[in-house]
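Asker: The file below is coords04.cif, mmCIF, C-alpha atoms:
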data_entry
#
loop_
_atom_site.label_atom_id
_atom_site.label_comp_id
_atom_site.auth_asym_id
_atom_site.auth_seq_id
_atom_site.Cartn_x
_atom_site.Cartn_y
_atom_site.Cartn_z
CA MET A 17 0.00 0.00 0.00
CA PRO A 18 1.19 3.56 -0.68
CA ALA A 19 2.49 5.53 2.27
CA THR A 20 0.15 7.98 3.98
CA ILE A 21 0.57 11.11 6.04
CA ARG A 22 0.07 8.98 9.17
CA ASP A 23 3.10 6.89 8.17
CA ILE A 24 5.14 10.09 8.05
CA LYS A 25 3.76 10.99 11.50
CA GLU A 26 4.92 7.66 12.94
CA LYS A 27 8.32 7.98 11.26
CA THR A 28 9.01 11.53 12.41
CA GLY A 29 7.06 11.78 15.65
CA LEU A 30 5.67 15.10 14.45
CA SER A 31 2.02 16.14 14.57
CA LEU A 32 -0.31 15.73 11.60
CA ALA A 33 -0.82 19.49 11.66
CA THR A 34 2.91 20.16 11.18
CA ILE A 35 3.24 17.60 8.40
CA SER A 36 0.14 18.88 6.65
CA LYS A 37 1.40 22.44 6.87
CA TYR A 38 4.66 21.40 5.18
CA LEU A 39 2.89 19.43 2.44
CA ASN A 40 0.65 22.41 1.66
CA GLY A 41 3.58 24.78 1.26
CA GLY A 42 3.56 26.32 4.72
CA ASN A 43 6.60 27.23 6.81
CA VAL A 44 7.83 24.76 9.42
CA LEU A 45 10.96 24.69 11.57
CA PRO A 46 14.10 23.79 9.58
CA GLU A 47 14.76 20.68 11.68
CA ASN A 48 11.16 19.50 11.15
CA ARG A 49 11.48 20.09 7.41
CA VAL A 50 14.58 17.88 7.30
CA ARG A 51 12.80 15.07 9.21
CA ILE A 52 9.71 15.24 7.02
CA GLU A 53 11.68 15.25 3.76
CA ALA A 54 13.79 12.30 4.93
CA ALA A 55 10.63 10.36 5.78
CA ILE A 56 9.02 11.19 2.44
CA LYS A 57 12.08 9.90 0.62
CA GLU A 58 12.35 6.71 2.70
CA LEU A 59 8.63 5.91 2.50
CA HIS A 60 8.31 6.91 -1.18
CA TYR A 61 5.38 9.11 -0.19
CA GLU A 62 3.56 10.84 -3.05
CA VAL A 63 1.33 13.86 -2.54
CA ASN A 64 -2.31 13.38 -3.52
CA GLU A 65 -2.69 16.51 -5.62
CA ILE A 66 -6.47 16.16 -5.88
CA ALA A 67 -6.85 15.99 -2.12
CA ARG A 68 -4.43 18.85 -1.62
CA GLY A 69 -6.32 20.88 -4.19
CA LEU A 70 -9.51 20.51 -2.19
CA VAL A 71 -7.73 21.98 0.84
CA THR A 72 -5.72 24.74 -0.86
CA ASN A 73 -8.14 25.46 -3.72
CA LYS A 74 -5.16 25.11 -6.07
CA THR A 75 -4.43 22.25 -8.47
CA LYS A 76 -0.94 23.40 -9.52
CA THR A 77 -2.17 23.03 -13.09
CA VAL A 78 -2.32 25.64 -15.84
CA GLY A 79 -4.45 25.33 -18.94
CA VAL A 80 -2.83 26.31 -22.24
CA LEU A 81 -5.14 26.87 -25.21
CA VAL A 82 -3.60 27.34 -28.67
CA TYR A 83 -5.24 27.86 -32.04
CA SER A 84 -3.60 24.81 -33.67
CA ILE A 85 -1.39 22.04 -32.33
CA GLU A 86 -0.18 21.49 -35.91
CA SER A 87 1.42 24.94 -35.97
CA LEU A 88 5.16 24.82 -35.38
CA PHE A 89 4.88 28.26 -33.80
CA ASN A 90 2.46 26.91 -31.18
CA GLY A 91 4.48 23.75 -30.66
CA THR A 92 7.61 25.79 -29.96
CA LEU A 93 5.70 28.11 -27.64
CA LEU A 94 4.21 25.15 -25.73
CA ARG A 95 7.69 23.77 -25.17
CA TYR A 96 8.91 26.97 -23.52
CA ILE A 97 5.70 27.45 -21.52
CA GLY A 98 5.95 23.86 -20.28
CA GLU A 99 9.59 24.30 -19.24
CA ALA A 100 8.81 27.48 -17.32
CA LEU A 101 5.82 25.88 -15.56
CA ARG A 102 7.78 22.78 -14.53
CA LYS A 103 10.43 24.96 -12.90
CA GLN A 104 7.67 26.42 -10.73
CA GLY A 105 6.14 23.04 -9.86
CA TYR A 106 3.13 23.38 -12.19
CA GLY A 107 1.67 20.96 -14.71
CA MET A 108 0.15 21.88 -18.07
CA LEU A 109 -3.19 20.87 -19.59
CA ILE A 110 -3.14 21.56 -23.35
CA CYS A 111 -6.21 22.27 -25.50
CA ASP A 112 -6.40 22.85 -29.26
CA SER A 113 -9.11 25.21 -30.53
CA CYS A 114 -8.56 23.98 -34.13
CA GLU A 115 -8.86 27.62 -35.31
CA ASP A 116 -12.56 27.46 -34.42
CA GLU A 117 -14.11 30.08 -32.12
CA GLU A 118 -16.81 27.70 -30.87
CA VAL A 119 -14.22 25.06 -29.98
CA GLU A 120 -12.18 27.79 -28.30
CA ALA A 121 -15.12 28.86 -26.13
CA ASN A 122 -15.89 25.24 -25.19
CA SER A 123 -12.22 24.69 -24.32
CA ILE A 124 -12.27 27.61 -21.88
CA ARG A 125 -15.30 26.09 -20.14
CA PHE A 126 -13.55 22.70 -20.08
CA LEU A 127 -10.43 24.15 -18.47
CA VAL A 128 -12.44 26.08 -15.88
CA ASN A 129 -14.35 22.89 -14.99
CA LYS A 130 -11.02 21.09 -14.57
CA LYS A 131 -10.18 23.63 -11.85
CA VAL A 132 -6.98 24.89 -13.45
CA ASP A 133 -5.32 27.69 -11.51
CA GLY A 134 -4.90 29.88 -14.59
CA ILE A 135 -5.06 29.83 -18.39
CA ILE A 136 -2.65 30.91 -21.12
CA VAL A 137 -4.32 31.51 -24.50
CA VAL A 138 -3.14 32.06 -28.05
CA PRO A 139 -6.60 33.16 -29.21
CA VAL A 140 -8.62 32.70 -32.36
CA ALA A 141 -11.42 35.12 -31.45
CA LYS A 142 -10.77 38.84 -31.80
CA THR A 143 -13.14 39.78 -28.96
CA SER A 144 -13.32 38.65 -25.33
CA GLY A 145 -16.72 36.97 -25.01
CA PHE A 146 -15.22 33.47 -24.99
CA LEU A 147 -13.33 34.29 -21.76
CA LYS A 148 -16.50 34.92 -19.74
CA PRO A 149 -16.48 31.50 -17.95
CA ALA A 150 -12.93 32.12 -16.71
CA ARG A 151 -13.77 35.65 -15.63
CA ASN A 152 -16.89 34.45 -13.73
CA ALA A 153 -14.86 31.72 -11.99
CA GLY A 154 -12.04 34.10 -11.04
CA VAL A 155 -9.50 32.17 -13.13
CA PRO A 156 -6.76 34.50 -14.39
CA VAL A 157 -5.98 34.51 -18.13
CA VAL A 158 -2.88 35.68 -19.99
CA LEU A 159 -2.96 36.08 -23.77
CA VAL A 160 0.11 35.37 -25.90
CA ASP A 161 0.92 36.66 -29.40
CA ARG A 162 -2.58 38.04 -30.10
CA ALA A 163 -4.44 40.79 -28.29
CA LEU A 164 -8.24 41.26 -28.28
CA LEU A 165 -9.93 44.24 -29.88
CA ASP A 166 -12.74 45.03 -27.44
CA GLU A 167 -11.07 44.84 -24.02
CA GLU A 168 -7.61 45.10 -22.49
CA HIS A 169 -6.24 41.86 -21.05
CA ASP A 170 -2.90 40.68 -19.73
CA CYS A 171 -0.97 39.96 -22.91
CA ILE A 172 2.56 39.07 -24.02
CA LYS A 173 3.20 39.98 -27.64
CA ILE A 174 5.46 41.71 -30.10
CA ASP A 175 4.73 45.07 -31.70
CA ASN A 176 3.51 43.43 -34.91
CA ARG A 177 3.10 46.67 -36.80
CA MET A 178 6.62 47.91 -36.00
CA ALA A 179 8.14 44.46 -36.66
CA ALA A 180 6.61 44.48 -40.14
CA PHE A 181 7.74 48.07 -40.74
CA ARG A 182 11.34 47.14 -39.92
CA ALA A 183 11.18 44.03 -42.10
CA MET A 184 9.92 46.13 -45.00
CA ASN A 185 12.75 48.59 -44.56
CA THR A 186 15.16 45.71 -45.19
CA LEU A 187 13.60 45.32 -48.64
CA LEU A 188 13.31 49.05 -49.27
CA ASP A 189 16.92 49.68 -48.25
CA ASN A 190 17.89 47.20 -50.96
CA PHE A 191 16.07 49.46 -53.45
CA HIS A 192 12.99 47.33 -54.00
CA GLU A 193 9.85 49.31 -54.82
CA LYS A 194 7.58 46.70 -56.39
CA ILE A 195 6.86 44.78 -53.18
CA ALA A 196 3.94 42.41 -52.57
CA VAL A 197 2.59 41.14 -49.26
CA ILE A 198 1.02 37.80 -48.31
CA CYS A 199 -0.77 38.08 -44.98
CA SER A 200 -3.89 37.27 -43.01
CA GLY A 201 -6.90 39.52 -43.24
CA VAL A 202 -8.61 37.88 -40.27
CA GLU A 203 -6.04 37.11 -37.55
CA TYR A 204 -4.91 39.95 -35.28
CA THR A 205 -1.22 39.47 -36.07
CA GLY A 206 -1.78 39.47 -39.82
CA ILE A 207 -3.91 42.61 -39.68
CA GLU A 208 -1.26 44.47 -37.66
CA ARG A 209 1.61 43.30 -39.87
CA TYR A 210 -0.31 44.39 -42.97
CA LYS A 211 -0.60 47.86 -41.43
CA GLY A 212 3.16 47.90 -40.89
CA PHE A 213 3.67 46.91 -44.54
CA LEU A 214 1.52 49.81 -45.71
CA ASP A 215 3.22 52.21 -43.27
CA ALA A 216 6.63 51.42 -44.74
CA MET A 217 5.47 51.77 -48.35
CA GLU A 218 3.68 55.04 -47.61
CA ALA A 219 6.74 56.41 -45.82
CA ARG A 220 8.71 55.96 -49.06
CA GLY A 221 5.90 57.38 -51.19
CA LEU A 222 5.26 54.06 -52.93
CA HIS A 223 1.96 52.79 -54.32
CA VAL A 224 0.89 49.16 -53.79
CA PRO A 225 -1.30 47.69 -56.56
CA GLU A 226 -4.26 45.59 -55.42
CA THR A 227 -2.75 42.62 -57.24
CA TYR A 228 0.25 42.81 -54.89
CA GLN A 229 -1.93 42.61 -51.75
CA LYS A 230 -2.78 39.02 -50.83
CA ARG A 231 -4.91 38.94 -47.67
CA GLY A 232 -6.40 35.60 -46.58
CA LYS A 233 -5.40 33.32 -43.70
CA HIS A 234 -2.16 32.46 -41.98
CA CYS A 235 -1.75 29.00 -43.48
CA PHE A 236 0.56 27.04 -45.78
CA GLN A 237 -2.04 26.70 -48.55
CA TYR A 238 -2.67 30.43 -48.75
CA GLY A 239 1.04 31.23 -48.87
CA TYR A 240 1.56 28.67 -51.64
CA GLN A 241 -1.38 29.78 -53.81
CA SER A 242 -0.70 33.49 -53.33
CA MET A 243 2.95 33.21 -54.35
CA LYS A 244 1.96 31.24 -57.45
CA GLU A 245 -0.44 34.02 -58.42
CA LEU A 246 2.17 36.72 -57.84
CA LEU A 247 4.72 34.90 -59.98
CA GLU A 248 2.18 34.60 -62.80
CA LEU A 249 1.58 38.37 -62.98
CA LYS A 250 2.74 40.10 -66.14
CA ASP A 251 4.24 42.85 -63.98
CA ARG A 252 5.73 40.69 -61.24
CA PRO A 253 6.87 42.18 -57.93
CA THR A 254 10.60 42.11 -57.32
CA ALA A 255 10.10 41.18 -53.66
CA VAL A 256 7.49 39.62 -51.36
CA PHE A 257 6.94 40.04 -47.62
CA MET A 258 5.31 37.00 -45.91
CA THR A 259 3.81 37.64 -42.49
CA ASN A 260 3.97 34.29 -40.66
CA TYR A 261 5.77 30.96 -40.70
CA GLU A 262 3.12 28.88 -42.48
CA ILE A 263 2.67 31.49 -45.20
CA THR A 264 6.45 31.72 -45.62
CA LEU A 265 6.75 27.95 -45.94
CA GLY A 266 4.03 27.81 -48.59
CA ALA A 267 5.52 30.71 -50.54
CA VAL A 268 8.99 29.13 -50.58
CA MET A 269 7.45 25.90 -51.87
CA ALA A 270 5.72 27.77 -54.68
CA VAL A 271 8.97 29.47 -55.74
CA ASN A 272 10.82 26.15 -55.68
CA GLU A 273 8.23 24.64 -58.03
CA SER A 274 8.39 27.61 -60.43
CA PRO A 275 10.98 28.48 -63.09
CA TYR A 276 11.99 31.45 -60.95
CA ARG A 277 14.74 31.58 -58.38
CA CYS A 278 15.31 33.46 -55.14
CA PRO A 279 16.85 36.02 -54.96
CA GLU A 280 17.71 36.28 -58.68
CA ASP A 281 14.07 36.60 -59.81
CA ILE A 282 12.20 37.24 -56.56
CA SER A 283 13.45 38.49 -53.19
CA MET A 284 11.74 37.25 -50.02
CA ILE A 285 11.54 38.03 -46.31
CA GLY A 286 9.40 35.99 -43.91
CA PHE A 287 8.30 35.71 -40.30
CA ASP A 288 9.39 33.31 -37.53
CA ASP A 289 12.74 31.58 -37.84
CA LEU A 290 11.72 28.13 -36.60
CA ILE A 291 13.28 25.55 -38.94
CA LEU A 292 12.91 27.02 -42.40
CA SER A 293 16.10 29.08 -42.59
CA GLN A 294 18.14 26.03 -41.63
CA VAL A 295 16.87 23.80 -44.44
CA VAL A 296 16.29 26.04 -47.48
CA ASN A 297 18.77 27.54 -49.89
CA PRO A 298 19.27 30.45 -50.07
CA LYS A 299 19.06 31.19 -46.37
CA MET A 300 15.96 33.30 -45.71
CA TYR A 301 15.81 36.75 -44.24
CA MET A 302 13.38 36.28 -41.33
CA VAL A 303 11.74 38.34 -38.61
CA VAL A 304 12.57 36.44 -35.42
CA GLN A 305 10.25 36.47 -32.42
CA PRO A 306 11.80 35.70 -28.99
CA MET A 307 9.74 32.55 -28.40
CA LYS A 308 11.47 31.49 -25.19
CA GLU A 309 11.05 34.94 -23.68
CA MET A 310 7.38 35.05 -24.67
CA GLY A 311 6.69 31.69 -23.00
CA GLU A 312 8.59 32.58 -19.85
CA LYS A 313 6.99 36.02 -19.54
CA ALA A 314 3.51 34.51 -19.98
CA VAL A 315 4.14 32.03 -17.16
CA GLU A 316 5.70 34.68 -14.92
CA LEU A 317 2.73 37.02 -15.35
CA LEU A 318 0.12 34.27 -14.95
CA LEU A 319 1.67 32.95 -11.72
CA GLU A 320 1.75 36.49 -10.38
CA ARG A 321 -1.96 36.82 -11.14
CA ILE A 322 -2.62 33.47 -9.44
CA ARG A 323 -0.86 34.77 -6.33
CA GLN A 324 -2.95 37.96 -6.54
CA LYS A 325 -6.25 36.05 -6.79
CA GLY A 326 -9.05 38.12 -5.32
CA GLU A 327 -7.36 41.38 -6.25
CA ASP A 328 -8.23 43.38 -9.38
CA PRO A 329 -4.94 44.55 -10.94
CA MET A 330 -4.81 46.67 -14.08
CA PRO A 331 -4.28 44.61 -17.26
CA MET A 332 -0.65 44.51 -18.33
CA GLU A 333 0.54 44.39 -21.94
CA MET A 334 4.18 43.33 -22.27
CA ILE A 335 5.92 43.96 -25.59
CA VAL A 336 8.93 41.81 -26.47
CA THR A 337 11.38 42.80 -29.19
CA THR A 338 11.89 41.14 -32.58
CA ARG A 339 14.95 41.20 -34.77
CA VAL A 340 15.61 40.64 -38.46
CA GLN A 341 17.87 37.67 -39.09
CA LYS A 342 19.97 38.21 -42.19
CA GLY A 343 20.13 35.73 -45.02
CA ASN A 344 20.73 35.57 -48.76
CA SER A 345 17.14 35.84 -50.00
CA ILE A 346 17.16 39.57 -50.84
CA ARG A 347 18.83 40.94 -53.96
CA ASN A 348 20.25 44.48 -53.89
CA LEU A 349 18.81 46.14 -56.98
CA LYS A 350 21.14 49.15 -56.88
CA GLU A 351 24.21 46.96 -57.43
CA GLU A 352 22.82 45.97 -60.83
CA LYS A 353 22.21 49.51 -62.09
#
Could you render the structure from this file as structure tokens?

Answerer:
Amino acid sequence: MPATIRDIKEKTGLSLATISKYLNGGNVLPENRVRIEAAIKELHYEVNEIARGLVTNKTKTVGVLVYSIESLFNGTLLRYIGEALRKQGYGMLICDSCEDEEVEANSIRFLVNKKVDGIIVVPVAKTSGFLKPARNAGVPVVLVDRALLDEEHDCIKIDNRMAAFRAMNTLLDNFHEKIAVICSGVEYTGIERYKGFLDAMEARGLHVPETYQKRGKHCFQYGYQSMKELLELKDRPTAVFMTNYEITLGAVMAVNESPYRCPEDISMIGFDDLILSQVVNPKMYMVVQPMKEMGEKAVELLLERIRQKGEDPMPMEMIVTTRVQKGNSIRNLKEEK
């Protein structure tokens, strides 16, 4: 039979109250702590987290809801969130919203019913209605990567608009003027990055034809089809800006299948240096998000909110900084004139 708290009592001679206080994270005398820990090790005692949760009203579990498990971006983010939670003694319950707002809302209810201490979300919805069950239950929520449009919430993200603006300047500084964009017209990040694209073109006094503006969804298929269409234009762009990893991957595939070559015929800069730049030739210019920092900051902020439960702190938006990783996928047009 597994060891119980009474076995620890008999082994140490300490009271059940003292042992229980230690097991629930309370402070006990240093000598008592040593005796209890030695007994736990000798008896192979394992804490019953469910029972402890009933006493402390904490399960030491965090729910993490992402828009797609298939996304390499989300997979990488989950890795860093999981590492940060483990260091703090927390487990992780993962849900996939499958890029569906109804599934997302049901997943929030599921996580609340599982009594998680807090929730980290990479959202699909652009407004906050789906978070109502968590709000009603007093379960803190931290958003990652995507903010919501109707209310302020704790959020860890990049400045998408500025990141896109800087990426565009890399193309513009290489004297490209005929630049196309492939982005999302529905996801928050795609909308903001599209704005940054337009900001950069407007700042240089450049017009963007409608045929150069591909706005759909952040997915491989859209990146692939959009790049094919751009390459088939009579007046092709000299460069293309892709606004997320899946779009970039699809666009690179389309170029590889075409008679055109990068950067000789088409220059390219993409988003999220996950694996792509390590396996394609030429090496891609990429906007790099600090994934590890984003995961760690999300956990740090959520655990702070868990500790503050019952209080009503002001929402905090934390902006982390991107950088442009250089590659060989952009041709300098001035050198050829």

Asker: Find the residues around Asn272 (chain A) up to 12 Å (only C-alpha atoms counted), leave out those fewer than 2 positions away in its own chain, and share them as a PyMOL selection string.

Answerer: chain A and resi 240+243-244+247+265-270+274-279+281-282+296-298

Asker: Please tabulate, as a tab-separated table, the residues of region 295-339 of chain A that come within 12 Å of region 145-154 of chain A, each with its closest pair of atoms and the distance in Å to one decimal, counting only C-alpha atoms and ordering rows by chain, then residue number upward.

Answerer:
residue	atom	partner	partner_atom	distance
A:Arg321	CA	A:Gly154	CA	10.4
A:Ile322	CA	A:Gly154	CA	9.6
A:Gln324	CA	A:Gly154	CA	10.9
A:Lys325	CA	A:Gly154	CA	7.4
A:Gly326	CA	A:Gly154	CA	7.6
A:Glu327	CA	A:Gly154	CA	9.9
A:Asp328	CA	A:Gly154	CA	10.2

Asker: Report as a ChimeraX atom specification the full result of the PyMOL selection byres ((chain A and resi 306) around 10) when it is applied to this structure.

Answerer: /A:93,173-174,288-289,303-305,307-311,336-339

Asker: If you apply the PyMOL selection byres ((chain A and resi 159) around 8) to this file, what residues do you get, as a list in words?

Answerer: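 For this structure, the PyMOL selection byres ((chain A and resi 159) around 8) resolves to Ile136, Val137, Val138, Pro139, Val157, Val158, Val160, Asp161, Arg162, Ala163, His169, Asp170, Cys171, Ile172 and Ala314 of chain A.
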
Asker: Report the distance between CA of Gly343 (chain A) and CA of Met300 (chain A) in Å, rounded to one decimal place.

Answerer: 4.9 Å

Asker: Using all atoms listed in the file, which residue out of A:Ala19, A:Met334, A:Asn43, A:Ser345 lies closest to Glu58 (chain A)?

Answerer: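 Ranked by minimum distance to Glu58 (chain A), first place goes to A:Ala19.
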
Asker: Ranking A:Cys114, A:Leu188, A:Ile195, A:Leu81 by minimum distance to Asn348 (chain A) and counting all atoms listed in the file, which one comes first?

Answerer: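 Result for the nearest residue to Asn348 (chain A): A:Leu188.
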
Asker: Please report the interatomic distance between CA of Gly206 (chain A) and CA of His234 (chain A) in Å with one decimal.

Answerer: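 Computing the Euclidean distance for CA of Gly206 (chain A) and CA of His234 (chain A) yields 7.3 Å.
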
Asker: For Arg125 (chain A), which of A:Leu59, A:Ile335, A:Ala141, A:Val155 is the closest residue, counting only C-alpha atoms?

Answerer: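 Closest to Arg125 (chain A) of all the choices is A:Val155.
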
Asker: I'd like the interatomic distance between CA of Glu168 (chain A) and CA of Arg323 (chain A), to a tenth of an Å.

Answerer: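 If I compute the distance from CA of Glu168 (chain A) to CA of Arg323 (chain A), I get 20.3 Å.
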
Asker: To verify the selection step, state as a CSV table (one decimal) with C-alpha atoms, keeping the file's coordinate frame which residues the PyMOL selection byres ((chain A and resi 253) around 7) yields on this input.

Answerer:
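Written file, selection_10.csv:
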chain,number,residue,atom,x,y,z
A,194,LYS,CA,7.6,46.7,-56.4
A,195,ILE,CA,6.9,44.8,-53.2
A,196,ALA,CA,3.9,42.4,-52.6
A,251,ASP,CA,4.2,42.8,-64.0
A,252,ARG,CA,5.7,40.7,-61.2
A,254,THR,CA,10.6,42.1,-57.3
A,255,ALA,CA,10.1,41.2,-53.7

Asker: Just the residues within 8 Å of Glu167 (chain A), please, counting all atoms listed in the file, with nothing from its chain fewer than 2 positions along; format it as a VMD selection string.

Answerer: chain A and resid 143 to 144 164 to 165 169

Asker: Nearest residue to Lys25 (chain A) out of A:Ile56, A:Ser283, A:Pro46, A:Leu318, using all atoms listed in the file?

Answerer: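 Nearest candidate to Lys25 (chain A) out of A:Ile56, A:Ser283, A:Pro46, A:Leu318: A:Ile56.
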
Asker: Which residue is closest to Asn176 (chain A)? Choose from A:Gln237, A:Asn40, A:Thr28, A:Asn260 and count only C-alpha atoms.

Answerer: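 Closest residue, counting only C-alpha atoms: A:Asn260.
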
Asker: Neighbouring residues of region 88-90 of chain A were defined as those with any atom within 9 Å, considering only C-alpha atoms; residues of the same chain fewer than 5 positions away were excluded. Please report them as a PyMOL selection string.

Answerer: chain A and resi 82-83+95+138+261-262+288+290-291+307

Asker: Counting all atoms listed in the file, figure out which residue out of A:His60, A:Leu45, A:Pro156, A:Glu99 gets nearest to Gly79 (chain A).

Answerer: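 Using all atoms listed in the file, Gly79 (chain A) sits closest to A:Pro156.
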
Asker: Env of Lys37 (chain A): 12 Å cut, atoms = all atoms listed in the file, seq-sep filter 2 positions within chain, self excluded. Answer as a PyMOL selection string.

Answerer: chain A and resi 21+30-35+39-45+48-49+52+68+71-72

Asker: Can you pull out the residues contacting Val140 (chain A)? Cut-off 8 Å, using only C-alpha atoms, and skip same-chain residues under 3 positions away; I want them as a PyMOL selection string.

Answerer: chain A and resi 83+113+115-117+120+203

Asker: Could you add N, CA and C atoms to region 236-256 of chain A and give me the result as a short mmCIF file (atom, residue, chain, number, x, y, z; two decimals), in the coordinates of the input?

Answerer:
data_model
loop_
_atom_site.label_atom_id
_atom_site.label_comp_id
_atom_site.auth_asym_id
_atom_site.auth_seq_id
_atom_site.Cartn_x
_atom_site.Cartn_y
_atom_site.Cartn_z
N PHE A 236 -0.35 27.48 -44.72
CA PHE A 236 0.56 27.04 -45.78
C PHE A 236 -0.10 27.18 -47.15
N GLN A 237 -1.35 26.71 -47.26
CA GLN A 237 -2.04 26.70 -48.55
C GLN A 237 -2.18 28.10 -49.13
N TYR A 238 -2.49 29.08 -48.25
CA TYR A 238 -2.67 30.43 -48.75
C TYR A 238 -1.33 31.03 -49.19
N GLY A 239 -0.28 30.75 -48.47
CA GLY A 239 1.04 31.23 -48.87
C GLY A 239 1.46 30.65 -50.21
N TYR A 240 1.20 29.37 -50.40
CA TYR A 240 1.56 28.67 -51.64
C TYR A 240 0.79 29.24 -52.83
N GLN A 241 -0.54 29.32 -52.70
CA GLN A 241 -1.38 29.78 -53.81
C GLN A 241 -1.11 31.25 -54.13
N SER A 242 -0.93 32.06 -53.10
CA SER A 242 -0.70 33.49 -53.33
C SER A 242 0.62 33.74 -54.05
N MET A 243 1.66 33.02 -53.67
CA MET A 243 2.95 33.21 -54.35
C MET A 243 2.86 32.76 -55.80
N LYS A 244 2.14 31.68 -56.07
CA LYS A 244 1.96 31.24 -57.45
C LYS A 244 1.29 32.34 -58.28
N GLU A 245 0.27 32.96 -57.71
CA GLU A 245 -0.44 34.02 -58.42
C GLU A 245 0.44 35.24 -58.66
N LEU A 246 1.27 35.58 -57.69
CA LEU A 246 2.17 36.72 -57.84
C LEU A 246 3.21 36.46 -58.93
N LEU A 247 3.71 35.24 -58.99
CA LEU A 247 4.72 34.90 -59.98
C LEU A 247 4.15 34.84 -61.40
N GLU A 248 2.83 34.67 -61.49
CA GLU A 248 2.18 34.60 -62.80
C GLU A 248 1.79 35.97 -63.34
N LEU A 249 1.93 37.02 -62.53
CA LEU A 249 1.58 38.37 -62.98
C LEU A 249 2.50 38.83 -64.10
N LYS A 250 1.93 39.57 -65.05
CA LYS A 250 2.74 40.10 -66.14
C LYS A 250 3.77 41.07 -65.59
N ASP A 251 3.33 41.92 -64.65
CA ASP A 251 4.24 42.85 -63.98
C ASP A 251 4.53 42.31 -62.58
N ARG A 252 5.45 41.36 -62.51
CA ARG A 252 5.73 40.69 -61.24
C ARG A 252 6.39 41.63 -60.25
N PRO A 253 6.11 41.44 -58.95
CA PRO A 253 6.87 42.18 -57.93
C PRO A 253 8.32 41.68 -57.93
N THR A 254 9.20 42.54 -57.46
CA THR A 254 10.60 42.11 -57.32
C THR A 254 10.85 41.48 -55.96
N ALA A 255 9.91 41.69 -55.02
CA ALA A 255 10.10 41.18 -53.66
C ALA A 255 8.73 40.90 -53.03
N VAL A 256 8.72 39.97 -52.07
CA VAL A 256 7.49 39.62 -51.36
C VAL A 256 7.78 39.53 -49.87
#
